[in-house]
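One file, structure28.cif, carrying mmCIF, N, CA and C atoms and all ligand atoms:
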data_protein
loop_
_atom_site.label_atom_id
_atom_site.label_comp_id
_atom_site.auth_asym_id
_atom_site.auth_seq_id
_atom_site.Cartn_x
_atom_site.Cartn_y
_atom_site.Cartn_z
N MET A 10 62.98 210.18 140.43
CA MET A 10 63.86 210.32 139.26
C MET A 10 64.75 209.08 139.11
N THR A 11 64.83 208.62 137.93
CA THR A 11 65.78 207.55 137.69
C THR A 11 67.01 208.13 137.02
N THR A 12 68.13 207.61 137.36
CA THR A 12 69.35 208.06 136.72
C THR A 12 69.72 207.09 135.61
N THR A 13 70.19 207.63 134.55
CA THR A 13 70.58 206.78 133.43
C THR A 13 72.07 206.48 133.54
N THR A 14 72.39 205.25 133.39
CA THR A 14 73.80 204.87 133.41
C THR A 14 74.45 205.35 132.12
N THR A 15 75.45 206.15 132.26
CA THR A 15 76.14 206.60 131.05
C THR A 15 77.27 205.63 130.74
N THR A 16 77.40 205.33 129.50
CA THR A 16 78.43 204.37 129.11
C THR A 16 79.32 205.00 128.06
N THR A 17 80.57 204.71 128.16
CA THR A 17 81.48 205.14 127.12
C THR A 17 81.65 203.99 126.14
N PRO A 18 81.82 204.29 124.87
CA PRO A 18 81.91 203.21 123.90
C PRO A 18 83.02 202.23 124.27
N GLY A 19 82.72 200.97 124.17
CA GLY A 19 83.72 199.95 124.45
C GLY A 19 83.76 199.52 125.90
N SER A 20 83.11 200.27 126.76
CA SER A 20 83.14 199.87 128.17
C SER A 20 82.07 198.83 128.41
N LEU A 21 82.34 197.96 129.34
CA LEU A 21 81.41 196.89 129.62
C LEU A 21 80.42 197.34 130.69
N VAL A 22 79.16 197.20 130.38
CA VAL A 22 78.13 197.54 131.34
C VAL A 22 77.91 196.35 132.25
N LYS A 23 78.17 196.56 133.52
CA LYS A 23 77.99 195.45 134.44
C LYS A 23 76.94 195.82 135.47
N LYS A 24 75.94 194.98 135.57
CA LYS A 24 74.92 195.17 136.58
C LYS A 24 74.66 193.82 137.23
N THR A 25 74.20 193.88 138.46
CA THR A 25 73.77 192.65 139.09
C THR A 25 72.41 192.26 138.54
N GLU A 26 72.02 191.02 138.80
CA GLU A 26 70.72 190.57 138.34
C GLU A 26 69.61 191.48 138.88
N GLU A 27 69.75 191.88 140.12
CA GLU A 27 68.74 192.77 140.71
C GLU A 27 68.67 194.11 139.99
N GLU A 28 69.84 194.64 139.65
CA GLU A 28 69.86 195.92 138.95
C GLU A 28 69.23 195.79 137.56
N TRP A 29 69.51 194.68 136.90
CA TRP A 29 68.88 194.47 135.60
C TRP A 29 67.37 194.37 135.73
N ARG A 30 66.92 193.66 136.75
CA ARG A 30 65.48 193.52 136.95
C ARG A 30 64.83 194.88 137.17
N ALA A 31 65.57 195.77 137.79
CA ALA A 31 65.02 197.09 138.08
C ALA A 31 64.86 197.93 136.82
N VAL A 32 65.74 197.76 135.85
CA VAL A 32 65.71 198.63 134.67
C VAL A 32 65.02 197.97 133.48
N LEU A 33 64.85 196.67 133.51
CA LEU A 33 64.24 195.99 132.38
C LEU A 33 62.83 195.52 132.74
N SER A 34 61.99 195.44 131.72
CA SER A 34 60.68 194.83 131.94
C SER A 34 60.89 193.32 132.12
N PRO A 35 59.91 192.63 132.68
CA PRO A 35 60.07 191.17 132.85
C PRO A 35 60.38 190.47 131.53
N GLU A 36 59.74 190.90 130.45
CA GLU A 36 59.99 190.28 129.16
C GLU A 36 61.41 190.58 128.67
N GLN A 37 61.83 191.83 128.83
CA GLN A 37 63.20 192.19 128.44
C GLN A 37 64.21 191.40 129.25
N PHE A 38 63.95 191.28 130.55
CA PHE A 38 64.88 190.55 131.40
C PHE A 38 64.99 189.10 130.96
N LYS A 39 63.86 188.49 130.64
CA LYS A 39 63.84 187.09 130.25
C LYS A 39 64.68 186.86 129.00
N ILE A 40 64.59 187.78 128.06
CA ILE A 40 65.31 187.58 126.80
C ILE A 40 66.76 188.03 126.91
N LEU A 41 66.99 189.23 127.41
CA LEU A 41 68.36 189.76 127.46
C LEU A 41 69.24 189.01 128.46
N ARG A 42 68.72 188.73 129.61
CA ARG A 42 69.56 188.18 130.68
C ARG A 42 69.42 186.66 130.83
N GLU A 43 68.31 186.11 130.35
CA GLU A 43 68.14 184.66 130.49
C GLU A 43 68.09 183.98 129.14
N ARG A 44 68.51 184.71 128.12
CA ARG A 44 68.65 184.17 126.78
C ARG A 44 67.35 183.57 126.26
N GLY A 45 66.27 184.27 126.52
CA GLY A 45 64.97 183.82 126.03
C GLY A 45 64.76 184.20 124.58
N THR A 46 63.64 183.77 124.04
CA THR A 46 63.29 184.09 122.66
C THR A 46 61.83 184.51 122.63
N GLU A 47 61.58 185.62 121.97
CA GLU A 47 60.20 186.07 121.88
C GLU A 47 59.42 185.18 120.90
N THR A 48 58.13 185.16 121.05
CA THR A 48 57.30 184.35 120.17
C THR A 48 57.44 184.82 118.73
N PRO A 49 57.70 183.90 117.79
CA PRO A 49 57.89 184.31 116.40
C PRO A 49 56.70 185.12 115.90
N GLY A 50 57.00 186.15 115.13
CA GLY A 50 55.95 186.94 114.51
C GLY A 50 55.34 188.00 115.42
N THR A 51 55.82 188.10 116.67
CA THR A 51 55.23 189.07 117.59
C THR A 51 56.08 190.32 117.75
N GLY A 52 57.31 190.30 117.27
CA GLY A 52 58.22 191.41 117.50
C GLY A 52 57.76 192.68 116.80
N GLU A 53 57.92 193.81 117.48
CA GLU A 53 57.42 195.05 116.89
C GLU A 53 58.28 195.52 115.72
N TYR A 54 59.48 194.98 115.56
CA TYR A 54 60.34 195.44 114.47
C TYR A 54 60.44 194.44 113.32
N ASN A 55 59.68 193.37 113.38
CA ASN A 55 59.77 192.36 112.31
C ASN A 55 59.55 192.96 110.93
N LYS A 56 58.51 193.76 110.83
CA LYS A 56 58.16 194.35 109.53
C LYS A 56 58.26 195.87 109.63
N PHE A 57 59.36 196.30 110.15
CA PHE A 57 59.53 197.72 110.48
C PHE A 57 60.71 198.23 109.68
N PHE A 58 60.46 199.23 108.82
CA PHE A 58 61.55 199.66 107.93
C PHE A 58 61.72 201.16 107.90
N GLU A 59 61.59 201.79 109.06
CA GLU A 59 61.89 203.21 109.16
C GLU A 59 63.41 203.39 109.17
N GLU A 60 63.82 204.60 108.84
CA GLU A 60 65.25 204.86 108.81
C GLU A 60 65.75 205.30 110.18
N GLY A 61 66.80 204.66 110.65
CA GLY A 61 67.34 205.03 111.95
C GLY A 61 68.31 203.98 112.44
N ILE A 62 68.44 203.96 113.76
CA ILE A 62 69.42 203.09 114.42
C ILE A 62 68.70 202.25 115.46
N PHE A 63 69.07 201.00 115.53
CA PHE A 63 68.54 200.13 116.58
C PHE A 63 69.60 200.00 117.67
N CYS A 64 69.21 200.32 118.91
CA CYS A 64 70.14 200.28 120.03
C CYS A 64 69.74 199.15 120.97
N CYS A 65 70.71 198.73 121.76
CA CYS A 65 70.46 197.74 122.79
C CYS A 65 69.49 198.33 123.81
N VAL A 66 68.44 197.59 124.14
CA VAL A 66 67.45 198.10 125.08
C VAL A 66 68.02 198.10 126.50
N GLY A 67 69.07 197.31 126.72
CA GLY A 67 69.65 197.23 128.06
C GLY A 67 70.61 198.36 128.36
N CYS A 68 71.39 198.78 127.35
CA CYS A 68 72.45 199.75 127.65
C CYS A 68 72.56 200.85 126.61
N ASN A 69 71.64 200.87 125.62
CA ASN A 69 71.60 201.96 124.65
C ASN A 69 72.73 201.98 123.63
N THR A 70 73.54 200.98 123.59
CA THR A 70 74.61 200.94 122.62
C THR A 70 74.03 200.73 121.22
N PRO A 71 74.42 201.54 120.25
CA PRO A 71 73.93 201.32 118.88
C PRO A 71 74.41 199.96 118.35
N LEU A 72 73.48 199.17 117.84
CA LEU A 72 73.81 197.82 117.39
C LEU A 72 73.64 197.65 115.88
N TYR A 73 72.53 198.15 115.35
CA TYR A 73 72.23 197.91 113.93
C TYR A 73 71.72 199.19 113.28
N LYS A 74 72.08 199.33 112.01
CA LYS A 74 71.52 200.41 111.19
C LYS A 74 70.28 199.87 110.48
N SER A 75 69.31 200.75 110.26
CA SER A 75 68.11 200.30 109.55
C SER A 75 68.46 199.86 108.13
N SER A 76 69.54 200.40 107.56
CA SER A 76 69.92 200.03 106.20
C SER A 76 70.43 198.59 106.11
N ALA A 77 70.79 198.01 107.27
CA ALA A 77 71.24 196.62 107.27
C ALA A 77 70.10 195.64 107.53
N LYS A 78 68.89 196.19 107.68
CA LYS A 78 67.74 195.34 107.95
C LYS A 78 67.16 194.84 106.64
N PHE A 79 66.74 193.63 106.60
CA PHE A 79 66.10 193.14 105.39
C PHE A 79 64.87 192.31 105.72
N ASN A 80 64.04 192.17 104.73
CA ASN A 80 62.73 191.57 104.94
C ASN A 80 62.79 190.07 104.70
N VAL A 81 62.50 189.31 105.73
CA VAL A 81 62.53 187.87 105.58
C VAL A 81 61.44 187.29 106.47
N GLU A 82 60.82 186.26 106.01
CA GLU A 82 59.68 185.68 106.71
C GLU A 82 60.15 184.69 107.78
N CYS A 83 60.99 185.12 108.68
CA CYS A 83 61.48 184.18 109.68
C CYS A 83 60.78 184.37 111.02
N GLY A 84 60.04 185.45 111.16
CA GLY A 84 59.32 185.67 112.42
C GLY A 84 60.03 186.59 113.39
N TRP A 85 61.26 186.99 113.03
CA TRP A 85 62.01 187.93 113.86
C TRP A 85 62.62 189.01 112.97
N ALA A 86 63.11 190.04 113.61
CA ALA A 86 63.81 191.08 112.86
C ALA A 86 65.12 190.52 112.32
N ALA A 87 65.46 190.86 111.07
CA ALA A 87 66.65 190.30 110.43
C ALA A 87 67.56 191.43 109.95
N PHE A 88 68.83 191.31 110.29
CA PHE A 88 69.86 192.25 109.84
C PHE A 88 71.00 191.47 109.23
N TYR A 89 71.66 192.06 108.25
CA TYR A 89 72.78 191.32 107.68
C TYR A 89 74.12 191.71 108.31
N GLU A 90 74.15 192.82 109.05
CA GLU A 90 75.37 193.15 109.80
C GLU A 90 75.05 194.13 110.91
N GLY A 91 75.89 194.11 111.93
CA GLY A 91 75.77 195.07 113.01
C GLY A 91 76.90 196.08 112.94
N PHE A 92 76.89 197.04 113.84
CA PHE A 92 78.02 197.96 113.91
C PHE A 92 79.28 197.19 114.31
N PRO A 93 80.42 197.56 113.72
CA PRO A 93 81.64 196.82 114.03
C PRO A 93 81.93 196.83 115.53
N GLY A 94 82.16 195.66 116.07
CA GLY A 94 82.52 195.55 117.47
C GLY A 94 81.36 195.65 118.44
N ALA A 95 80.17 195.93 117.94
CA ALA A 95 79.04 196.12 118.85
C ALA A 95 78.41 194.81 119.27
N ILE A 96 78.70 193.77 118.51
CA ILE A 96 78.00 192.51 118.74
C ILE A 96 79.01 191.38 118.89
N ASN A 97 78.85 190.64 119.96
CA ASN A 97 79.67 189.45 120.16
C ASN A 97 78.89 188.22 119.70
N ARG A 98 79.63 187.22 119.30
CA ARG A 98 78.97 185.96 118.97
C ARG A 98 79.68 184.81 119.65
N ARG A 99 78.94 183.82 120.01
CA ARG A 99 79.54 182.63 120.63
C ARG A 99 78.64 181.44 120.32
N PRO A 100 79.23 180.27 120.27
CA PRO A 100 78.43 179.08 119.95
C PRO A 100 77.43 178.78 121.05
N ASP A 101 76.27 178.35 120.66
CA ASP A 101 75.28 177.86 121.63
C ASP A 101 75.86 176.66 122.36
N PRO A 102 75.43 176.46 123.60
CA PRO A 102 75.92 175.29 124.36
C PRO A 102 75.67 173.97 123.63
N ASP A 103 74.58 173.89 122.89
CA ASP A 103 74.29 172.63 122.20
C ASP A 103 75.00 172.54 120.84
N GLY A 104 75.75 173.60 120.49
CA GLY A 104 76.51 173.55 119.25
C GLY A 104 75.67 173.71 117.99
N GLU A 105 74.39 173.96 118.17
CA GLU A 105 73.48 174.03 117.02
C GLU A 105 73.53 175.37 116.32
N GLY A 106 73.79 176.42 117.07
CA GLY A 106 73.73 177.74 116.47
C GLY A 106 74.76 178.67 117.07
N THR A 107 74.71 179.91 116.64
CA THR A 107 75.62 180.92 117.14
C THR A 107 74.81 182.04 117.77
N GLU A 108 75.04 182.24 119.05
CA GLU A 108 74.32 183.28 119.77
C GLU A 108 74.97 184.63 119.52
N ILE A 109 74.16 185.69 119.43
CA ILE A 109 74.71 187.03 119.36
C ILE A 109 74.27 187.82 120.59
N THR A 110 75.22 188.58 121.12
CA THR A 110 74.96 189.37 122.32
C THR A 110 75.50 190.78 122.12
N CYS A 111 74.93 191.71 122.89
CA CYS A 111 75.46 193.07 122.92
C CYS A 111 76.84 193.02 123.56
N ALA A 112 77.84 193.56 122.86
CA ALA A 112 79.21 193.48 123.37
C ALA A 112 79.39 194.32 124.63
N ALA A 113 78.55 195.32 124.80
CA ALA A 113 78.73 196.22 125.95
C ALA A 113 78.12 195.67 127.22
N CYS A 114 76.94 195.08 127.13
CA CYS A 114 76.28 194.63 128.37
C CYS A 114 76.04 193.13 128.38
N ASP A 115 76.44 192.46 127.32
CA ASP A 115 76.30 191.01 127.25
C ASP A 115 74.84 190.56 127.20
N GLY A 116 73.97 191.46 126.79
CA GLY A 116 72.56 191.10 126.68
C GLY A 116 72.32 190.22 125.46
N HIS A 117 71.47 189.24 125.62
CA HIS A 117 71.18 188.32 124.52
C HIS A 117 70.32 189.02 123.47
N LEU A 118 70.74 188.92 122.22
CA LEU A 118 69.99 189.55 121.12
C LEU A 118 69.23 188.53 120.29
N GLY A 119 69.89 187.44 120.00
CA GLY A 119 69.28 186.42 119.15
C GLY A 119 70.35 185.50 118.63
N HIS A 120 70.25 185.15 117.36
CA HIS A 120 71.22 184.23 116.77
C HIS A 120 71.63 184.74 115.39
N VAL A 121 72.80 184.31 114.95
CA VAL A 121 73.23 184.67 113.61
C VAL A 121 73.33 183.39 112.78
N HIS A 122 72.85 183.49 111.55
CA HIS A 122 72.84 182.35 110.64
C HIS A 122 73.61 182.75 109.38
N LYS A 123 74.42 181.85 108.89
CA LYS A 123 75.28 182.14 107.75
C LYS A 123 74.85 181.33 106.53
N GLY A 124 75.15 181.91 105.36
CA GLY A 124 75.05 181.14 104.14
C GLY A 124 73.65 180.69 103.77
N GLU A 125 72.67 181.51 104.06
CA GLU A 125 71.30 181.13 103.73
C GLU A 125 70.89 181.58 102.34
N GLY A 126 71.75 182.39 101.70
CA GLY A 126 71.49 182.77 100.33
C GLY A 126 70.43 183.83 100.13
N TYR A 127 70.32 184.75 101.09
CA TYR A 127 69.36 185.84 100.92
C TYR A 127 69.91 186.96 100.01
N GLY A 128 71.14 186.82 99.59
CA GLY A 128 71.69 187.81 98.68
C GLY A 128 72.11 189.10 99.35
N THR A 129 72.32 189.07 100.66
CA THR A 129 72.79 190.26 101.36
C THR A 129 74.31 190.33 101.25
N PRO A 130 74.88 191.51 101.51
CA PRO A 130 76.35 191.65 101.35
C PRO A 130 77.16 190.67 102.20
N THR A 131 76.66 190.28 103.34
CA THR A 131 77.43 189.40 104.22
C THR A 131 76.99 187.95 104.13
N ASP A 132 75.86 187.70 103.51
CA ASP A 132 75.23 186.37 103.53
C ASP A 132 75.06 185.84 104.95
N GLU A 133 74.76 186.79 105.84
CA GLU A 133 74.46 186.41 107.21
C GLU A 133 73.09 186.97 107.56
N ARG A 134 72.44 186.32 108.48
CA ARG A 134 71.17 186.84 108.99
C ARG A 134 71.23 186.88 110.50
N HIS A 135 71.26 188.11 111.03
CA HIS A 135 71.16 188.28 112.46
C HIS A 135 69.68 188.25 112.80
N CYS A 136 69.29 187.22 113.48
CA CYS A 136 67.89 187.00 113.83
C CYS A 136 67.71 187.55 115.24
N VAL A 137 67.09 188.72 115.35
CA VAL A 137 67.15 189.49 116.59
C VAL A 137 65.75 189.62 117.21
N ASN A 138 65.67 189.41 118.48
CA ASN A 138 64.43 189.66 119.21
C ASN A 138 64.17 191.17 119.25
N SER A 139 62.98 191.57 118.83
CA SER A 139 62.63 192.99 118.89
C SER A 139 62.66 193.51 120.32
N VAL A 140 62.41 192.63 121.26
CA VAL A 140 62.43 193.01 122.67
C VAL A 140 63.81 193.50 123.09
N SER A 141 64.86 192.97 122.44
CA SER A 141 66.23 193.30 122.83
C SER A 141 66.71 194.63 122.28
N ILE A 142 65.98 195.18 121.33
CA ILE A 142 66.46 196.40 120.68
C ILE A 142 65.42 197.50 120.75
N LYS A 143 65.90 198.71 120.54
CA LYS A 143 65.05 199.89 120.63
C LYS A 143 65.39 200.79 119.45
N PHE A 144 64.38 201.23 118.76
CA PHE A 144 64.60 202.02 117.55
C PHE A 144 64.75 203.49 117.87
N ASN A 145 65.78 204.10 117.29
CA ASN A 145 65.94 205.55 117.36
C ASN A 145 65.85 206.10 115.95
N PRO A 146 64.84 206.89 115.65
CA PRO A 146 64.67 207.39 114.29
C PRO A 146 65.86 208.25 113.87
N ALA A 147 66.16 208.21 112.58
CA ALA A 147 67.20 209.08 112.05
C ALA A 147 66.74 210.51 112.17
N LYS A 148 67.67 211.38 112.53
CA LYS A 148 67.32 212.80 112.60
C LYS A 148 67.16 213.33 111.18
N SER A 149 66.00 213.85 110.90
CA SER A 149 65.84 214.47 109.58
C SER A 149 66.48 215.86 109.63
N SER A 150 66.99 216.29 108.49
CA SER A 150 67.78 217.53 108.49
C SER A 150 66.93 218.73 108.90
N SER A 151 65.61 218.65 108.66
CA SER A 151 64.76 219.78 109.00
C SER A 151 64.63 219.93 110.52
N GLU A 152 64.80 218.81 111.25
CA GLU A 152 64.65 218.87 112.69
C GLU A 152 65.96 219.10 113.42
N THR A 153 67.04 218.98 112.70
CA THR A 153 68.34 219.12 113.33
C THR A 153 68.55 220.57 113.75
N PRO A 154 68.82 220.80 115.03
CA PRO A 154 69.09 222.18 115.45
C PRO A 154 70.35 222.70 114.78
N PRO A 155 70.39 224.01 114.57
CA PRO A 155 71.54 224.57 113.83
C PRO A 155 72.80 224.58 114.70
N GLU A 156 73.41 223.43 114.83
CA GLU A 156 74.66 223.35 115.57
C GLU A 156 75.81 223.29 114.58
N GLU A 157 76.92 223.81 114.98
CA GLU A 157 78.10 223.67 114.14
C GLU A 157 78.62 222.25 114.25
N THR A 158 79.03 221.69 113.16
CA THR A 158 79.59 220.35 113.22
C THR A 158 81.11 220.46 113.31
N SER A 159 81.68 219.59 114.07
CA SER A 159 83.12 219.69 114.32
C SER A 159 83.90 219.14 113.15
ZN ZN B 201 73.67 196.25 125.64
#
Could you write out this file's structure as structure tokens?
Ligand SMILES: [Zn+2]
Amino acid sequence: MTTTTTTTPGSLVKKTEEEWRAVLSPEQFKILRERGTETPGTGEYNKFFEEGIFCCVGCNTPLYKSSAKFNVECGWAAFYEGFPGAINRRPDPDGEGTEITCAACDGHLGHVHKGEGYGTPTDERHCVNSVSIKFNPAKSSSETPPEETS
């Protein structure tokens, strides 16, 4: 049995490199922890437009809504915004771009580009490795168990 690390929103997920290697696939580890980039056009979410939420594959934190995803021929999944506070950004060491990471576990997601004129509400494009995220389908009302809502 594997135990799942439970995280409270806003808390920082800290694992050693060994612990990350244990929970991530080699490809996930390379991208999330070593700031790798998947081969353009290979990501499973590039042309994926189901309704739901994309979560960090490292720590399950919700990062992007499917409604913020847009179709662009860049070779990676593109979003115009993430959940507030879910994503950190910092300049690349070479100053060429802006890296985006999961705010909770510091996993590398991809890069954000501004002012490209795609006509999105933010005029930003979060260029995200599909390897870094995991899709959770929206619960359809027919499948929702009859629970009282608070
Ligand atoms: Zn994360």
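With only C-alpha atoms and all ligand atoms as the atoms that count, the minimum distance from ligand ZN 201 (chain B) to the choices A:Asn138, A:Thr70, A:Asn97, A:Thr107 is reached by A:Thr70.
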Just the number, please: distance in Å from atom CA of A:Gly91 to atom CA of A:Pro71, one decimal.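 For atom CA of A:Gly91 relative to atom CA of A:Pro71, the distance reads 8.8 Å.
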So the first atom is atom N of A:Gly84 and the second is atom C of A:Gly50; what is the distance between them in Å, to one decimal place?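 Value for the atom N of A:Gly84-atom C of A:Gly50 distance: 6.8 Å.
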Dump as CSV the rows for residues of stretch 55-86 of chain A within 10 Å of stretch 128-133 of chain A: closest atom pair and distance in Å with one decimal, only C-alpha atoms counted, ordered by chain and rising residue number.
residue,atom,partner,partner_atom,distance
A:Ala77,CA,A:Thr129,CA,8.8
A:Lys78,CA,A:Thr129,CA,9.7
A:Phe79,CA,A:Thr129,CA,8.3
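Pairwise distance (atom N of A:Ile142, atom N of A:Glu59) equals 14.6 Å.
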How would you report the residues lying within 6 Å of ligand ZN 201 (chain B), as a list of chain:residue names, if you count only N, CA and C atoms and all ligand atoms?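 Those residues are A:Cys65, A:Val66, A:Gly67, A:Cys68, A:Asn69, A:Thr70, A:Cys111, A:Ala112, A:Ala113, A:Cys114, A:Asp115, A:Gly116.
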List every residue of stretch 18-151 of chain A that DSSP, applied to the backbone, labels as strand (DSSP E), and write the result as a PyMOL selection string. chain A and resi 61-65+71-74+86-88+96-100+107-111+117-123+133-137+142-146
With all atoms listed in the file counted and 5 Å as the cut-off, give the residues of stretch 21-130 of chain A in contact with stretch 143-148 of chain A, each with its shortest interatomic distance in Å and the pair that gives it, as CSV.
residue,atom,partner,partner_atom,distance
A:Glu60,C,A:Ala147,N,3.8
A:Gly61,CA,A:Ala147,N,3.4
A:Ile62,C,A:Asn145,N,3.9
A:Phe63,CA,A:Lys143,C,4.3
A:Cys64,N,A:Lys143,C,3.9
A:Cys65,C,A:Lys143,N,4.9
A:Val66,N,A:Lys143,N,4.5
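Nearest to A:Glu105 of all the residues A:Thr25, A:His122, A:Ala87, A:Glu43 is A:His122, counting only C-alpha atoms.
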Using only C-alpha atoms, which of the listed residues (A:Val81, A:Glu125, A:Glu108, A:His117) sits closest to A:Gln37?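 Distance minimum relative to A:Gln37 lands on A:His117.
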Residue contacts of A:Cys136 (6.5 Å, only N, CA and C atoms) excluding same-chain residues fewer than 5 positions away, as an mmCIF file with N, CA and C atoms, in the frame of the given file:
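Okay, around_10.cif is ready:
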data_model
loop_
_atom_site.group_PDB
_atom_site.id
_atom_site.type_symbol
_atom_site.label_atom_id
_atom_site.label_comp_id
_atom_site.auth_asym_id
_atom_site.auth_seq_id
_atom_site.Cartn_x
_atom_site.Cartn_y
_atom_site.Cartn_z
ATOM 1 N N TRP A 85 61.260 186.990 113.030
ATOM 2 C CA TRP A 85 62.010 187.930 113.860
ATOM 3 C C TRP A 85 62.620 189.010 112.970
ATOM 4 N N ALA A 86 63.110 190.040 113.610
ATOM 5 C CA ALA A 86 63.810 191.080 112.860
ATOM 6 C C ALA A 86 65.120 190.520 112.320
ATOM 7 N N ALA A 87 65.460 190.860 111.070
ATOM 8 C CA ALA A 87 66.650 190.300 110.430
ATOM 9 C C ALA A 87 67.560 191.430 109.950
ATOM 10 N N PHE A 88 68.830 191.310 110.290
ATOM 11 C CA PHE A 88 69.860 192.250 109.840
ATOM 12 C C PHE A 88 71.000 191.470 109.230
ATOM 13 N N LEU A 118 70.740 188.920 122.220
ATOM 14 C CA LEU A 118 69.990 189.550 121.120
ATOM 15 C C LEU A 118 69.230 188.530 120.290
ATOM 16 N N GLY A 119 69.890 187.440 120.000
ATOM 17 C CA GLY A 119 69.280 186.420 119.150
ATOM 18 C C GLY A 119 70.350 185.500 118.630
ATOM 19 N N HIS A 120 70.250 185.150 117.360
ATOM 20 C CA HIS A 120 71.220 184.230 116.770
ATOM 21 C C HIS A 120 71.630 184.740 115.390
ATOM 22 N N VAL A 121 72.800 184.310 114.950
ATOM 23 C CA VAL A 121 73.230 184.670 113.610
ATOM 24 C C VAL A 121 73.330 183.390 112.780
ATOM 25 N N HIS A 122 72.850 183.490 111.550
ATOM 26 C CA HIS A 122 72.840 182.350 110.640
ATOM 27 C C HIS A 122 73.610 182.750 109.380
#
All helix (DSSP H, G or I) residues (DSSP, backbone) inside chain A, as a PDB file with N, CA and C atoms, in the coordinates of the input:
ATOM      1  N   GLU A  26      72.020 191.020 138.800  1.00  0.00           N
ATOM      2  CA  GLU A  26      70.720 190.570 138.340  1.00  0.00           C
ATOM      3  C   GLU A  26      69.610 191.480 138.880  1.00  0.00           C
ATOM      4  N   GLU A  27      69.750 191.880 140.120  1.00  0.00           N
ATOM      5  CA  GLU A  27      68.740 192.770 140.710  1.00  0.00           C
ATOM      6  C   GLU A  27      68.670 194.110 139.990  1.00  0.00           C
ATOM      7  N   GLU A  28      69.840 194.640 139.650  1.00  0.00           N
ATOM      8  CA  GLU A  28      69.860 195.920 138.950  1.00  0.00           C
ATOM      9  C   GLU A  28      69.230 195.790 137.560  1.00  0.00           C
ATOM     10  N   TRP A  29      69.510 194.680 136.900  1.00  0.00           N
ATOM     11  CA  TRP A  29      68.880 194.470 135.600  1.00  0.00           C
ATOM     12  C   TRP A  29      67.370 194.370 135.730  1.00  0.00           C
ATOM     13  N   ARG A  30      66.920 193.660 136.750  1.00  0.00           N
ATOM     14  CA  ARG A  30      65.480 193.520 136.950  1.00  0.00           C
ATOM     15  C   ARG A  30      64.830 194.880 137.170  1.00  0.00           C
ATOM     16  N   ALA A  31      65.570 195.770 137.790  1.00  0.00           N
ATOM     17  CA  ALA A  31      65.020 197.090 138.080  1.00  0.00           C
ATOM     18  C   ALA A  31      64.860 197.930 136.820  1.00  0.00           C
ATOM     19  N   VAL A  32      65.740 197.760 135.850  1.00  0.00           N
ATOM     20  CA  VAL A  32      65.710 198.630 134.670  1.00  0.00           C
ATOM     21  C   VAL A  32      65.020 197.970 133.480  1.00  0.00           C
ATOM     22  N   PRO A  35      59.910 192.630 132.680  1.00  0.00           N
ATOM     23  CA  PRO A  35      60.070 191.170 132.850  1.00  0.00           C
ATOM     24  C   PRO A  35      60.380 190.470 131.530  1.00  0.00           C
ATOM     25  N   GLU A  36      59.740 190.900 130.450  1.00  0.00           N
ATOM     26  CA  GLU A  36      59.990 190.280 129.160  1.00  0.00           C
ATOM     27  C   GLU A  36      61.410 190.580 128.670  1.00  0.00           C
ATOM     28  N   GLN A  37      61.830 191.830 128.830  1.00  0.00           N
ATOM     29  CA  GLN A  37      63.200 192.190 128.440  1.00  0.00           C
ATOM     30  C   GLN A  37      64.210 191.400 129.250  1.00  0.00           C
ATOM     31  N   PHE A  38      63.950 191.280 130.550  1.00  0.00           N
ATOM     32  CA  PHE A  38      64.880 190.550 131.400  1.00  0.00           C
ATOM     33  C   PHE A  38      64.990 189.100 130.960  1.00  0.00           C
ATOM     34  N   LYS A  39      63.860 188.490 130.640  1.00  0.00           N
ATOM     35  CA  LYS A  39      63.840 187.090 130.250  1.00  0.00           C
ATOM     36  C   LYS A  39      64.680 186.860 129.000  1.00  0.00           C
ATOM     37  N   ILE A  40      64.590 187.780 128.060  1.00  0.00           N
ATOM     38  CA  ILE A  40      65.310 187.580 126.800  1.00  0.00           C
ATOM     39  C   ILE A  40      66.760 188.030 126.910  1.00  0.00           C
ATOM     40  N   LEU A  41      66.990 189.230 127.410  1.00  0.00           N
ATOM     41  CA  LEU A  41      68.360 189.760 127.460  1.00  0.00           C
ATOM     42  C   LEU A  41      69.240 189.010 128.460  1.00  0.00           C
ATOM     43  N   SER A  75      69.310 200.750 110.260  1.00  0.00           N
ATOM     44  CA  SER A  75      68.110 200.300 109.550  1.00  0.00           C
ATOM     45  C   SER A  75      68.460 199.860 108.130  1.00  0.00           C
ATOM     46  N   SER A  76      69.540 200.400 107.560  1.00  0.00           N
ATOM     47  CA  SER A  76      69.920 200.030 106.200  1.00  0.00           C
ATOM     48  C   SER A  76      70.430 198.590 106.110  1.00  0.00           C
ATOM     49  N   ALA A  77      70.790 198.010 107.270  1.00  0.00           N
ATOM     50  CA  ALA A  77      71.240 196.620 107.270  1.00  0.00           C
ATOM     51  C   ALA A  77      70.100 195.640 107.530  1.00  0.00           C
ATOM     52  N   SER A 139      62.980 191.570 118.830  1.00  0.00           N
ATOM     53  CA  SER A 139      62.630 192.990 118.890  1.00  0.00           C
ATOM     54  C   SER A 139      62.660 193.510 120.320  1.00  0.00           C
ATOM     55  N   VAL A 140      62.410 192.630 121.260  1.00  0.00           N
ATOM     56  CA  VAL A 140      62.430 193.010 122.670  1.00  0.00           C
ATOM     57  C   VAL A 140      63.810 193.500 123.090  1.00  0.00           C
ATOM     58  N   SER A 141      64.860 192.970 122.440  1.00  0.00           N
ATOM     59  CA  SER A 141      66.230 193.300 122.830  1.00  0.00           C
ATOM     60  C   SER A 141      66.710 194.630 122.280  1.00  0.00           C
TER      61      SER A 141
END
Per-axis box centre and lengths in Å around stretch 26-42 of chain A, 5 Å margin per side, axis-aligned, as AutoDock Vina command-line options:
--center_x 65.9 --center_y 192.6 --center_z 133.8 --size_x 22.3 --size_y 22.0 --size_z 23.9
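For A:Ser139, the set of protein, DNA and RNA residues having any atom at most 6 Å away, when counting all atoms listed in the file and skipping those fewer than 2 positions along the same chain, is Gly52, Glu53, Tyr54, Ala86, Val137, Ser141 and Ile142 of chain A.
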